[in-house]
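Novice: This is the structure, below, for whatever I ask next.
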There are 2 protein chains.
Amino acid sequence: MSVPDEPRADPATTRLRRVDGDPARASALDPAIAARLRRTADGLVAAVVQRHGSGEVLMMAWMDDEALHRTLTTGRATYWSRSRQEYWVKGATSGHHQYVRSVRLDCDGDTVLVTVEQVGAACHTGAGNCFFDELPVTGTIADPQEDR
Amino acid sequence: MSVPDEPRADPATTRLRRVDGDPARASALDPAIAARLRRTADGLVAAVVQRHGSGEVLMMAWMDDEALHRTLTTGRATYWSRSRQEYWVKGATSGHHQYVRSVRLDCDGDTVLVTVEQVGAACHTGAGNCFFDELPVTGTIADPQEDR
């Protein structure tokens, strides 16, 4: 499969973010949505990404206002890379695209749940999803039926 | 249903955390697991909580090492409240318990996916889950089948 890369983040937008120190200002995100976000000190909300249909949780990433705006208006999942300090459109380099089916904001405005059609592996390691390191649950778990 | 509250966080542990400024030190979490965590500046990892079986994503919360340790060893989902700066066992006051079925760490160690048997509503608003505010996806979404 060969898919052309998405355009990279507009450098002007990125620069504006850094100079202003106010992530919301440089974005075209609908102000009515922006007003409902509760961001980290870095101006980000968490994005939990789930496979449409199966419910498989694929990965967790971060969005600023502009990444959320691009996700909503292009239908392609777009994140803010904290390590590279730039936008990334999932699949732009890997071909593992995410076609957005729904975006839902949580009750306190600090997390979005994005459901996607995932092409190929969601994890950069090549795994189907990022959550492959199972930790041991050693505690005694009550039977919910008995507890009710 | 009436269930006695879980014990609150040990104040000594909480105090130790604050004094030391090293969240990992005050916890009994298995060092082999602790070594794999990549924490925020506040010493936390994100916890995505999913209903066992259905795949419904219920909520997002935060854990420090000790909250993860308690989650793994008691089988009761336990989080760190950033607003109250204390541990909270889900359901301790609401009765809406979460019985842990699995905990998986993601590829870069900053998020855990917790699957639970959820009693009652997962969201403090009374909703079944926290993600009830659907945002409009207005972009043209390519048909993944045609794109392959």
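Following the order of the structure tokens, chains are lettered A, B, ..., residues in each are numbered from 1, and ligands are numbered from 1.
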Please find the residues of chain A near chain B - the criterion being any atom within 9 Å, counting only C-alpha atoms - and write them as a PyMOL selection string.
Specialist: chain A and resi 1-3+33+46+48+50+54-57+59-60+70-76+97-108+110-113+117-119+123-125+129-144+147-148
Novice: Going by DSSP on the backbone, which residues of region 18-113 of chain A come out as strand (DSSP E or B)? List them as a PDB file with all heavy atoms, in the first residue's frame.
Specialist:
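Okay, this is what ended up in part.pdb:
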ATOM      1  N   VAL A  45      -4.917  17.808  25.717  1.00  0.00           N
ATOM      2  CA  VAL A  45      -5.880  16.847  26.266  1.00  0.00           C
ATOM      3  C   VAL A  45      -5.443  15.449  25.821  1.00  0.00           C
ATOM      4  O   VAL A  45      -4.814  15.281  24.766  1.00  0.00           O
ATOM      5  CB  VAL A  45      -7.339  17.116  25.795  1.00  0.00           C
ATOM      6  CG1 VAL A  45      -7.828  18.455  26.343  1.00  0.00           C
ATOM      7  CG2 VAL A  45      -7.466  17.068  24.277  1.00  0.00           C
ATOM      8  N   ALA A  46      -5.756  14.467  26.644  1.00  0.00           N
ATOM      9  CA  ALA A  46      -5.421  13.081  26.317  1.00  0.00           C
ATOM     10  C   ALA A  46      -6.389  12.572  25.252  1.00  0.00           C
ATOM     11  O   ALA A  46      -7.563  12.954  25.235  1.00  0.00           O
ATOM     12  CB  ALA A  46      -5.503  12.213  27.570  1.00  0.00           C
ATOM     13  N   ALA A  47      -5.885  11.728  24.365  1.00  0.00           N
ATOM     14  CA  ALA A  47      -6.728  11.120  23.332  1.00  0.00           C
ATOM     15  C   ALA A  47      -6.602   9.597  23.431  1.00  0.00           C
ATOM     16  O   ALA A  47      -5.530   9.042  23.172  1.00  0.00           O
ATOM     17  CB  ALA A  47      -6.313  11.597  21.949  1.00  0.00           C
ATOM     18  N   VAL A  48      -7.688   8.961  23.830  1.00  0.00           N
ATOM     19  CA  VAL A  48      -7.747   7.504  23.870  1.00  0.00           C
ATOM     20  C   VAL A  48      -8.310   7.054  22.524  1.00  0.00           C
ATOM     21  O   VAL A  48      -9.350   7.557  22.090  1.00  0.00           O
ATOM     22  CB  VAL A  48      -8.661   7.023  25.013  1.00  0.00           C
ATOM     23  CG1 VAL A  48      -8.771   5.504  25.006  1.00  0.00           C
ATOM     24  CG2 VAL A  48      -8.165   7.541  26.354  1.00  0.00           C
ATOM     25  N   VAL A  49      -7.622   6.139  21.882  1.00  0.00           N
ATOM     26  CA  VAL A  49      -8.005   5.748  20.524  1.00  0.00           C
ATOM     27  C   VAL A  49      -8.492   4.304  20.516  1.00  0.00           C
ATOM     28  O   VAL A  49      -7.801   3.397  20.977  1.00  0.00           O
ATOM     29  CB  VAL A  49      -6.829   5.916  19.548  1.00  0.00           C
ATOM     30  CG1 VAL A  49      -7.297   5.691  18.111  1.00  0.00           C
ATOM     31  CG2 VAL A  49      -6.196   7.289  19.706  1.00  0.00           C
ATOM     32  N   GLN A  50      -9.702   4.146  20.007  1.00  0.00           N
ATOM     33  CA  GLN A  50     -10.376   2.852  20.057  1.00  0.00           C
ATOM     34  C   GLN A  50     -10.776   2.422  18.644  1.00  0.00           C
ATOM     35  O   GLN A  50     -11.207   3.243  17.841  1.00  0.00           O
ATOM     36  CB  GLN A  50     -11.629   2.987  20.937  1.00  0.00           C
ATOM     37  CG  GLN A  50     -12.395   1.692  21.162  1.00  0.00           C
ATOM     38  CD  GLN A  50     -13.590   1.878  22.078  1.00  0.00           C
ATOM     39  OE1 GLN A  50     -14.255   2.915  22.027  1.00  0.00           O
ATOM     40  NE2 GLN A  50     -13.863   0.895  22.916  1.00  0.00           N
ATOM     41  N   ARG A  51     -10.649   1.129  18.372  1.00  0.00           N
ATOM     42  CA  ARG A  51     -11.054   0.628  17.066  1.00  0.00           C
ATOM     43  C   ARG A  51     -12.580   0.640  16.962  1.00  0.00           C
ATOM     44  O   ARG A  51     -13.283   0.136  17.839  1.00  0.00           O
ATOM     45  CB  ARG A  51     -10.539  -0.796  16.852  1.00  0.00           C
ATOM     46  CG  ARG A  51     -10.697  -1.278  15.402  1.00  0.00           C
ATOM     47  CD  ARG A  51     -10.342  -2.751  15.260  1.00  0.00           C
ATOM     48  NE  ARG A  51      -8.971  -3.076  15.585  1.00  0.00           N
ATOM     49  CZ  ARG A  51      -7.933  -2.979  14.743  1.00  0.00           C
ATOM     50  NH1 ARG A  51      -8.130  -2.534  13.514  1.00  0.00           N
ATOM     51  NH2 ARG A  51      -6.716  -3.320  15.123  1.00  0.00           N
ATOM     52  N   VAL A  57      -8.953  -1.091  22.464  1.00  0.00           N
ATOM     53  CA  VAL A  57      -8.242   0.157  22.717  1.00  0.00           C
ATOM     54  C   VAL A  57      -6.864   0.044  22.072  1.00  0.00           C
ATOM     55  O   VAL A  57      -6.093  -0.874  22.377  1.00  0.00           O
ATOM     56  CB  VAL A  57      -8.137   0.474  24.219  1.00  0.00           C
ATOM     57  CG1 VAL A  57      -7.304   1.728  24.446  1.00  0.00           C
ATOM     58  CG2 VAL A  57      -9.533   0.674  24.805  1.00  0.00           C
ATOM     59  N   LEU A  58      -6.563   0.967  21.177  1.00  0.00           N
ATOM     60  CA  LEU A  58      -5.377   0.852  20.330  1.00  0.00           C
ATOM     61  C   LEU A  58      -4.160   1.569  20.902  1.00  0.00           C
ATOM     62  O   LEU A  58      -3.051   1.047  20.880  1.00  0.00           O
ATOM     63  CB  LEU A  58      -5.684   1.417  18.941  1.00  0.00           C
ATOM     64  CG  LEU A  58      -6.790   0.695  18.161  1.00  0.00           C
ATOM     65  CD1 LEU A  58      -7.188   1.496  16.927  1.00  0.00           C
ATOM     66  CD2 LEU A  58      -6.339  -0.709  17.775  1.00  0.00           C
ATOM     67  N   MET A  59      -4.359   2.776  21.394  1.00  0.00           N
ATOM     68  CA  MET A  59      -3.234   3.614  21.811  1.00  0.00           C
ATOM     69  C   MET A  59      -3.737   4.818  22.588  1.00  0.00           C
ATOM     70  O   MET A  59      -4.938   5.058  22.661  1.00  0.00           O
ATOM     71  CB  MET A  59      -2.442   4.113  20.579  1.00  0.00           C
ATOM     72  CG  MET A  59      -3.305   4.778  19.512  1.00  0.00           C
ATOM     73  SD  MET A  59      -2.393   5.391  18.074  1.00  0.00           S
ATOM     74  CE  MET A  59      -1.903   7.034  18.665  1.00  0.00           C
ATOM     75  N   MET A  60      -2.797   5.537  23.170  1.00  0.00           N
ATOM     76  CA  MET A  60      -3.108   6.799  23.834  1.00  0.00           C
ATOM     77  C   MET A  60      -2.123   7.834  23.314  1.00  0.00           C
ATOM     78  O   MET A  60      -0.942   7.535  23.137  1.00  0.00           O
ATOM     79  CB  MET A  60      -2.977   6.651  25.355  1.00  0.00           C
ATOM     80  CG  MET A  60      -3.975   7.483  26.142  1.00  0.00           C
ATOM     81  SD  MET A  60      -3.491   9.197  26.307  1.00  0.00           S
ATOM     82  CE  MET A  60      -2.421   9.088  27.765  1.00  0.00           C
ATOM     83  N   ALA A  61      -2.639   9.023  23.013  1.00  0.00           N
ATOM     84  CA  ALA A  61      -1.774  10.096  22.502  1.00  0.00           C
ATOM     85  C   ALA A  61      -2.306  11.424  23.038  1.00  0.00           C
ATOM     86  O   ALA A  61      -3.175  11.433  23.922  1.00  0.00           O
ATOM     87  CB  ALA A  61      -1.762  10.074  20.975  1.00  0.00           C
ATOM     88  N   TRP A  62      -1.777  12.509  22.530  1.00  0.00           N
ATOM     89  CA  TRP A  62      -2.151  13.829  23.033  1.00  0.00           C
ATOM     90  C   TRP A  62      -2.552  14.750  21.894  1.00  0.00           C
ATOM     91  O   TRP A  62      -2.027  14.649  20.786  1.00  0.00           O
ATOM     92  CB  TRP A  62      -0.973  14.441  23.809  1.00  0.00           C
ATOM     93  CG  TRP A  62      -0.660  13.655  25.043  1.00  0.00           C
ATOM     94  CD1 TRP A  62       0.210  12.598  25.138  1.00  0.00           C
ATOM     95  CD2 TRP A  62      -1.224  13.822  26.344  1.00  0.00           C
ATOM     96  NE1 TRP A  62       0.205  12.101  26.431  1.00  0.00           N
ATOM     97  CE2 TRP A  62      -0.663  12.832  27.181  1.00  0.00           C
ATOM     98  CE3 TRP A  62      -2.159  14.714  26.883  1.00  0.00           C
ATOM     99  CZ2 TRP A  62      -0.995  12.710  28.524  1.00  0.00           C
ATOM    100  CZ3 TRP A  62      -2.500  14.595  28.231  1.00  0.00           C
ATOM    101  CH2 TRP A  62      -1.920  13.605  29.037  1.00  0.00           C
ATOM    102  N   MET A  63      -3.470  15.653  22.176  1.00  0.00           N
ATOM    103  CA  MET A  63      -3.892  16.659  21.207  1.00  0.00           C
ATOM    104  C   MET A  63      -3.894  18.035  21.856  1.00  0.00           C
ATOM    105  O   MET A  63      -4.322  18.183  23.006  1.00  0.00           O
ATOM    106  CB  MET A  63      -5.327  16.388  20.725  1.00  0.00           C
ATOM    107  CG  MET A  63      -5.509  15.128  19.912  1.00  0.00           C
ATOM    108  SD  MET A  63      -7.246  14.986  19.361  1.00  0.00           S
ATOM    109  CE  MET A  63      -7.183  13.419  18.481  1.00  0.00           C
ATOM    110  N   ARG A  76      -9.012  12.623   9.762  1.00  0.00           N
ATOM    111  CA  ARG A  76      -7.768  11.869   9.936  1.00  0.00           C
ATOM    112  C   ARG A  76      -7.216  12.191  11.310  1.00  0.00           C
ATOM    113  O   ARG A  76      -7.007  13.365  11.653  1.00  0.00           O
ATOM    114  CB  ARG A  76      -6.749  12.278   8.863  1.00  0.00           C
ATOM    115  CG  ARG A  76      -7.228  12.025   7.434  1.00  0.00           C
ATOM    116  CD  ARG A  76      -7.246  10.544   7.117  1.00  0.00           C
ATOM    117  NE  ARG A  76      -5.897  10.016   7.123  1.00  0.00           N
ATOM    118  CZ  ARG A  76      -5.058  10.073   6.083  1.00  0.00           C
ATOM    119  NH1 ARG A  76      -5.446  10.620   4.959  1.00  0.00           N
ATOM    120  NH2 ARG A  76      -3.849   9.577   6.173  1.00  0.00           N
ATOM    121  N   THR A  78      -5.122  13.184  14.175  1.00  0.00           N
ATOM    122  CA  THR A  78      -3.948  14.056  14.210  1.00  0.00           C
ATOM    123  C   THR A  78      -3.615  14.372  15.664  1.00  0.00           C
ATOM    124  O   THR A  78      -4.498  14.745  16.434  1.00  0.00           O
ATOM    125  CB  THR A  78      -4.240  15.359  13.436  1.00  0.00           C
ATOM    126  OG1 THR A  78      -4.676  15.023  12.111  1.00  0.00           O
ATOM    127  CG2 THR A  78      -3.005  16.234  13.359  1.00  0.00           C
ATOM    128  N   TYR A  79      -2.344  14.209  16.021  1.00  0.00           N
ATOM    129  CA  TYR A  79      -1.918  14.365  17.406  1.00  0.00           C
ATOM    130  C   TYR A  79      -0.816  15.401  17.519  1.00  0.00           C
ATOM    131  O   TYR A  79      -0.233  15.825  16.521  1.00  0.00           O
ATOM    132  CB  TYR A  79      -1.418  13.011  17.953  1.00  0.00           C
ATOM    133  CG  TYR A  79      -2.415  11.901  17.742  1.00  0.00           C
ATOM    134  CD1 TYR A  79      -2.245  10.943  16.740  1.00  0.00           C
ATOM    135  CD2 TYR A  79      -3.561  11.826  18.530  1.00  0.00           C
ATOM    136  CE1 TYR A  79      -3.181   9.943  16.534  1.00  0.00           C
ATOM    137  CE2 TYR A  79      -4.507  10.825  18.326  1.00  0.00           C
ATOM    138  CZ  TYR A  79      -4.311   9.889  17.324  1.00  0.00           C
ATOM    139  OH  TYR A  79      -5.244   8.905  17.108  1.00  0.00           O
ATOM    140  N   TRP A  80      -0.536  15.764  18.775  1.00  0.00           N
ATOM    141  CA  TRP A  80       0.613  16.607  19.065  1.00  0.00           C
ATOM    142  C   TRP A  80       1.689  15.720  19.671  1.00  0.00           C
ATOM    143  O   TRP A  80       1.446  15.045  20.679  1.00  0.00           O
ATOM    144  CB  TRP A  80       0.247  17.734  20.045  1.00  0.00           C
ATOM    145  CG  TRP A  80       1.443  18.552  20.440  1.00  0.00           C
ATOM    146  CD1 TRP A  80       2.136  18.515  21.623  1.00  0.00           C
ATOM    147  CD2 TRP A  80       2.113  19.538  19.630  1.00  0.00           C
ATOM    148  NE1 TRP A  80       3.172  19.405  21.603  1.00  0.00           N
ATOM    149  CE2 TRP A  80       3.186  20.048  20.390  1.00  0.00           C
ATOM    150  CE3 TRP A  80       1.900  20.035  18.340  1.00  0.00           C
ATOM    151  CZ2 TRP A  80       4.049  21.030  19.901  1.00  0.00           C
ATOM    152  CZ3 TRP A  80       2.766  21.019  17.851  1.00  0.00           C
ATOM    153  CH2 TRP A  80       3.824  21.507  18.632  1.00  0.00           C
ATOM    154  N   SER A  81       2.855  15.683  19.041  1.00  0.00           N
ATOM    155  CA  SER A  81       3.956  14.886  19.570  1.00  0.00           C
ATOM    156  C   SER A  81       4.705  15.687  20.622  1.00  0.00           C
ATOM    157  O   SER A  81       5.298  16.723  20.320  1.00  0.00           O
ATOM    158  CB  SER A  81       4.918  14.494  18.443  1.00  0.00           C
ATOM    159  OG  SER A  81       6.098  13.952  19.011  1.00  0.00           O
ATOM    160  N   GLU A  86       5.691  18.596  17.524  1.00  0.00           N
ATOM    161  CA  GLU A  86       5.090  18.888  16.224  1.00  0.00           C
ATOM    162  C   GLU A  86       3.829  18.047  16.050  1.00  0.00           C
ATOM    163  O   GLU A  86       3.622  17.062  16.778  1.00  0.00           O
ATOM    164  CB  GLU A  86       6.077  18.597  15.087  1.00  0.00           C
ATOM    165  CG  GLU A  86       6.459  17.124  14.974  1.00  0.00           C
ATOM    166  CD  GLU A  86       7.430  16.858  13.829  1.00  0.00           C
ATOM    167  OE1 GLU A  86       8.005  17.820  13.293  1.00  0.00           O
ATOM    168  OE2 GLU A  86       7.595  15.676  13.481  1.00  0.00           O
ATOM    169  N   TYR A  87       3.014  18.449  15.069  1.00  0.00           N
ATOM    170  CA  TYR A  87       1.822  17.663  14.764  1.00  0.00           C
ATOM    171  C   TYR A  87       2.210  16.414  14.006  1.00  0.00           C
ATOM    172  O   TYR A  87       3.189  16.420  13.251  1.00  0.00           O
ATOM    173  CB  TYR A  87       0.836  18.497  13.932  1.00  0.00           C
ATOM    174  CG  TYR A  87       0.319  19.683  14.690  1.00  0.00           C
ATOM    175  CD1 TYR A  87       0.826  20.957  14.457  1.00  0.00           C
ATOM    176  CD2 TYR A  87      -0.660  19.522  15.669  1.00  0.00           C
ATOM    177  CE1 TYR A  87       0.379  22.048  15.192  1.00  0.00           C
ATOM    178  CE2 TYR A  87      -1.107  20.608  16.406  1.00  0.00           C
ATOM    179  CZ  TYR A  87      -0.583  21.860  16.158  1.00  0.00           C
ATOM    180  OH  TYR A  87      -1.014  22.927  16.888  1.00  0.00           O
ATOM    181  N   TRP A  88       1.467  15.346  14.227  1.00  0.00           N
ATOM    182  CA  TRP A  88       1.650  14.165  13.381  1.00  0.00           C
ATOM    183  C   TRP A  88       0.294  13.580  13.037  1.00  0.00           C
ATOM    184  O   TRP A  88      -0.578  13.424  13.870  1.00  0.00           O
ATOM    185  CB  TRP A  88       2.580  13.112  13.998  1.00  0.00           C
ATOM    186  CG  TRP A  88       2.273  12.621  15.377  1.00  0.00           C
ATOM    187  CD1 TRP A  88       2.404  13.298  16.534  1.00  0.00           C
ATOM    188  CD2 TRP A  88       1.810  11.294  15.734  1.00  0.00           C
ATOM    189  NE1 TRP A  88       2.059  12.498  17.598  1.00  0.00           N
ATOM    190  CE2 TRP A  88       1.696  11.277  17.138  1.00  0.00           C
ATOM    191  CE3 TRP A  88       1.496  10.135  15.008  1.00  0.00           C
ATOM    192  CZ2 TRP A  88       1.262  10.139  17.837  1.00  0.00           C
ATOM    193  CZ3 TRP A  88       1.073   9.015  15.706  1.00  0.00           C
ATOM    194  CH2 TRP A  88       0.961   9.030  17.091  1.00  0.00           C
ATOM    195  N   VAL A  89       0.143  13.332  11.745  1.00  0.00           N
ATOM    196  CA  VAL A  89      -1.053  12.674  11.239  1.00  0.00           C
ATOM    197  C   VAL A  89      -0.749  11.186  11.243  1.00  0.00           C
ATOM    198  O   VAL A  89       0.178  10.736  10.568  1.00  0.00           O
ATOM    199  CB  VAL A  89      -1.379  13.142   9.804  1.00  0.00           C
ATOM    200  CG1 VAL A  89      -2.613  12.391   9.289  1.00  0.00           C
ATOM    201  CG2 VAL A  89      -1.606  14.642   9.767  1.00  0.00           C
ATOM    202  N   GLN A  98      -5.516   6.315  10.367  1.00  0.00           N
ATOM    203  CA  GLN A  98      -6.681   6.209  11.248  1.00  0.00           C
ATOM    204  C   GLN A  98      -7.776   7.119  10.693  1.00  0.00           C
ATOM    205  O   GLN A  98      -7.636   8.349  10.707  1.00  0.00           O
ATOM    206  CB  GLN A  98      -6.323   6.631  12.678  1.00  0.00           C
ATOM    207  CG  GLN A  98      -5.380   5.641  13.362  1.00  0.00           C
ATOM    208  CD  GLN A  98      -4.979   6.070  14.759  1.00  0.00           C
ATOM    209  OE1 GLN A  98      -5.050   7.255  15.108  1.00  0.00           O
ATOM    210  NE2 GLN A  98      -4.554   5.121  15.573  1.00  0.00           N
ATOM    211  N   TYR A  99      -8.845   6.518  10.229  1.00  0.00           N
ATOM    212  CA  TYR A  99     -10.000   7.253   9.710  1.00  0.00           C
ATOM    213  C   TYR A  99     -10.991   7.431  10.847  1.00  0.00           C
ATOM    214  O   TYR A  99     -11.487   6.450  11.404  1.00  0.00           O
ATOM    215  CB  TYR A  99     -10.627   6.497   8.546  1.00  0.00           C
ATOM    216  CG  TYR A  99      -9.660   6.325   7.393  1.00  0.00           C
ATOM    217  CD1 TYR A  99      -8.884   5.180   7.278  1.00  0.00           C
ATOM    218  CD2 TYR A  99      -9.508   7.336   6.442  1.00  0.00           C
ATOM    219  CE1 TYR A  99      -7.975   5.029   6.242  1.00  0.00           C
ATOM    220  CE2 TYR A  99      -8.607   7.200   5.401  1.00  0.00           C
ATOM    221  CZ  TYR A  99      -7.841   6.046   5.302  1.00  0.00           C
ATOM    222  OH  TYR A  99      -6.936   5.899   4.278  1.00  0.00           O
ATOM    223  N   VAL A 100     -11.260   8.669  11.175  1.00  0.00           N
ATOM    224  CA  VAL A 100     -12.024   8.984  12.378  1.00  0.00           C
ATOM    225  C   VAL A 100     -13.506   8.709  12.178  1.00  0.00           C
ATOM    226  O   VAL A 100     -14.102   9.156  11.189  1.00  0.00           O
ATOM    227  CB  VAL A 100     -11.800  10.459  12.768  1.00  0.00           C
ATOM    228  CG1 VAL A 100     -12.629  10.817  13.994  1.00  0.00           C
ATOM    229  CG2 VAL A 100     -10.326  10.724  13.011  1.00  0.00           C
ATOM    230  N   ARG A 101     -14.075   7.977  13.089  1.00  0.00           N
ATOM    231  CA  ARG A 101     -15.506   7.691  13.044  1.00  0.00           C
ATOM    232  C   ARG A 101     -16.296   8.506  14.063  1.00  0.00           C
ATOM    233  O   ARG A 101     -17.440   8.873  13.826  1.00  0.00           O
ATOM    234  CB  ARG A 101     -15.754   6.197  13.261  1.00  0.00           C
ATOM    235  CG  ARG A 101     -15.350   5.327  12.072  1.00  0.00           C
ATOM    236  CD  ARG A 101     -16.303   5.558  10.903  1.00  0.00           C
ATOM    237  NE  ARG A 101     -15.892   4.826   9.702  1.00  0.00           N
ATOM    238  CZ  ARG A 101     -15.301   5.382   8.650  1.00  0.00           C
ATOM    239  NH1 ARG A 101     -15.051   6.695   8.642  1.00  0.00           N
ATOM    240  NH2 ARG A 101     -14.961   4.669   7.601  1.00  0.00           N
ATOM    241  N   SER A 102     -15.699   8.756  15.229  1.00  0.00           N
ATOM    242  CA  SER A 102     -16.381   9.591  16.228  1.00  0.00           C
ATOM    243  C   SER A 102     -15.344  10.145  17.188  1.00  0.00           C
ATOM    244  O   SER A 102     -14.255   9.577  17.361  1.00  0.00           O
ATOM    245  CB  SER A 102     -17.433   8.774  17.001  1.00  0.00           C
ATOM    246  OG  SER A 102     -16.806   7.830  17.849  1.00  0.00           O
ATOM    247  N   VAL A 103     -15.691  11.280  17.792  1.00  0.00           N
ATOM    248  CA  VAL A 103     -14.858  11.890  18.824  1.00  0.00           C
ATOM    249  C   VAL A 103     -15.787  12.312  19.956  1.00  0.00           C
ATOM    250  O   VAL A 103     -16.756  13.045  19.724  1.00  0.00           O
ATOM    251  CB  VAL A 103     -14.087  13.120  18.295  1.00  0.00           C
ATOM    252  CG1 VAL A 103     -13.246  13.740  19.404  1.00  0.00           C
ATOM    253  CG2 VAL A 103     -13.206  12.744  17.101  1.00  0.00           C
ATOM    254  N   ARG A 104     -15.495  11.845  21.149  1.00  0.00           N
ATOM    255  CA  ARG A 104     -16.324  12.205  22.291  1.00  0.00           C
ATOM    256  C   ARG A 104     -15.451  12.757  23.416  1.00  0.00           C
ATOM    257  O   ARG A 104     -14.416  12.166  23.741  1.00  0.00           O
ATOM    258  CB  ARG A 104     -17.112  10.987  22.778  1.00  0.00           C
ATOM    259  CG  ARG A 104     -18.298  10.648  21.866  1.00  0.00           C
ATOM    260  CD  ARG A 104     -19.030   9.400  22.327  1.00  0.00           C
ATOM    261  NE  ARG A 104     -18.279   8.203  21.989  1.00  0.00           N
ATOM    262  CZ  ARG A 104     -18.432   7.014  22.576  1.00  0.00           C
ATOM    263  NH1 ARG A 104     -19.301   6.876  23.555  1.00  0.00           N
ATOM    264  NH2 ARG A 104     -17.706   5.984  22.203  1.00  0.00           N
ATOM    265  N   LEU A 105     -15.891  13.853  23.982  1.00  0.00           N
ATOM    266  CA  LEU A 105     -15.174  14.509  25.077  1.00  0.00           C
ATOM    267  C   LEU A 105     -15.706  13.964  26.398  1.00  0.00           C
ATOM    268  O   LEU A 105     -16.901  13.680  26.528  1.00  0.00           O
ATOM    269  CB  LEU A 105     -15.424  16.019  24.984  1.00  0.00           C
ATOM    270  CG  LEU A 105     -14.701  16.934  25.969  1.00  0.00           C
ATOM    271  CD1 LEU A 105     -13.188  16.876  25.791  1.00  0.00           C
ATOM    272  CD2 LEU A 105     -15.194  18.372  25.792  1.00  0.00           C
ATOM    273  N   THR A 111     -10.090  14.680  28.332  1.00  0.00           N
ATOM    274  CA  THR A 111      -9.796  13.488  27.537  1.00  0.00           C
ATOM    275  C   THR A 111     -10.823  13.350  26.425  1.00  0.00           C
ATOM    276  O   THR A 111     -12.014  13.563  26.652  1.00  0.00           O
ATOM    277  CB  THR A 111      -9.859  12.211  28.420  1.00  0.00           C
ATOM    278  OG1 THR A 111      -8.999  12.374  29.547  1.00  0.00           O
ATOM    279  CG2 THR A 111      -9.424  10.972  27.640  1.00  0.00           C
ATOM    280  N   VAL A 112     -10.351  12.983  25.227  1.00  0.00           N
ATOM    281  CA  VAL A 112     -11.276  12.631  24.147  1.00  0.00           C
ATOM    282  C   VAL A 112     -11.119  11.146  23.829  1.00  0.00           C
ATOM    283  O   VAL A 112     -10.027  10.586  23.929  1.00  0.00           O
ATOM    284  CB  VAL A 112     -11.051  13.462  22.861  1.00  0.00           C
ATOM    285  CG1 VAL A 112     -11.490  14.895  23.071  1.00  0.00           C
ATOM    286  CG2 VAL A 112      -9.622  13.384  22.373  1.00  0.00           C
ATOM    287  N   LEU A 113     -12.228  10.541  23.480  1.00  0.00           N
ATOM    288  CA  LEU A 113     -12.236   9.155  23.017  1.00  0.00           C
ATOM    289  C   LEU A 113     -12.495   9.197  21.513  1.00  0.00           C
ATOM    290  O   LEU A 113     -13.534   9.683  21.069  1.00  0.00           O
ATOM    291  CB  LEU A 113     -13.327   8.351  23.731  1.00  0.00           C
ATOM    292  CG  LEU A 113     -13.474   6.897  23.287  1.00  0.00           C
ATOM    293  CD1 LEU A 113     -12.213   6.092  23.569  1.00  0.00           C
ATOM    294  CD2 LEU A 113     -14.678   6.252  23.986  1.00  0.00           C
TER     295      LEU A 113
END
Novice: Could you state the separation of CA of Ser27 (chain A) and CA of Asp65 (chain A) in Å, given to one decimal place?
Specialist: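 Interatomic distance here is 6.0 Å.
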Novice: Which of region 15-127 of chain A counts as helix (DSSP H, G or I) under DSSP, as number ranges by chain please?
Specialist: A: 15-20, 31-34, 65-74
